[in-house]
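Let me begin by presenting the structure, written as structure tokens, before commenting on it.
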Amino acid sequence: MDITIHSSFLPHTDPEASLAFYRDILGFEVRLDVGYEGMRWITVGPVGQPSTAIVLHPPAANPGITDDERQTILELITKGSYFGVNLATTDLDATFAKLEASDAEVVQEPTEQPYGVRDCAFRDPAGNMVRIQEVR
């Protein structure tokens, strides 16, 4: 069996702020930017890795949820408890410095974790947790 991760989904609450974070700060390329009925789905991914992507999507696009459920989802997103993504870099300190200088919300400075990784954490503009691990 040959299975790979093609795309993961993260909600966005402001497409322009999400573009600024993932494209301008993290350096991801925009692969698709699709609008429908006033909503946007933006597919981004690391340069040189065309088979791996993150789809930034409107959190309220599911017609099967109630207004109360939609509000709960937005609250969970805002506090960073709804979705997240783990990324990796060979130079965690330089990556952290660049993100910190961009005024991204720092959740955790580079730390050696007891489970064997060194990582840091930020929130994207929607509140999603973005953890970045150092590749060793």
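To be explicit about the labels: the chains of the structure tokens are called A, B, and onward in the order shown, and within each one the residues are counted from 1, while ligands get numbers from 1 in the order they are shown.
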Practice task
Using DSSP on the backbone coordinates, identify the residues of segment 27-122 of chain A assigned to strand (DSSP E or B); present them as a count of residues only.
Solution key: 39
Mind dumping a table of every segment 71-93 of chain A residue within 9 Å of segment 51-59 of chain A, with the nearest atom pair and its distance in Å to one decimal, using only C-alpha atoms, sorted by chain and rising number, as a tab-separated table?
```
residue	atom	partner	partner_atom	distance
A:Ile73	CA	A:Pro59	CA	7.4
A:Leu74	CA	A:Pro59	CA	7.4
A:Ile77	CA	A:Pro59	CA	8.8
```
Handout entry: Closest of A:Ala88, A:Tyr115, A:Asn62, A:Phe122 to Asp103 of chain A - atom-to-atom distances counting only C-alpha atoms
Key = A:Phe122
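Residues of chain A carrying a DSSP assignment of alpha helix (DSSP H), computed from the backbone, are Pro15, Glu16, Ala17, Ser18, Leu19, Asp67, Asp68, Glu69, Arg70, Gln71, Thr72, Ile73, Leu74, Glu75, Leu76, Ile77, Thr78, Leu92, Asp93, Ala94, Thr95, Phe96, Ala97, Lys98, Leu99, Glu100 and Ala101 of chain A.
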Problem - Contacts of segment 18-20 of chain A at 9 Å (only C-alpha atoms; same-chain gap of 6+ positions) as a PyMOL selection string - result: chain A and resi 12+26+30+42+44+56+124-126
Exercise for the section: Find the spatial neighbours of Thr89 of chain A, counting only C-alpha atoms, within a cut-off of 7 Å - ignore same-chain residues fewer than 4 positions away - and output them as JSON, numbers by chain. Expected result: {"A": [132, 133, 134, 135]}
Handout entry: A:Ile3, A:Leu76, A:Asn86, A:Phe21 ranked by distance to Glu100 of chain A, top pick (using only C-alpha atoms)
Key =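 Of all the options, A:Phe21 lies closest to Glu100 of chain A.
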Practice task
Point out the residue among A:Val47, A:Glu109, A:Asp2, A:Pro15 with the least atom-to-atom distance to Val34 of chain A, counting only C-alpha atoms.
Solution key: A:Pro15
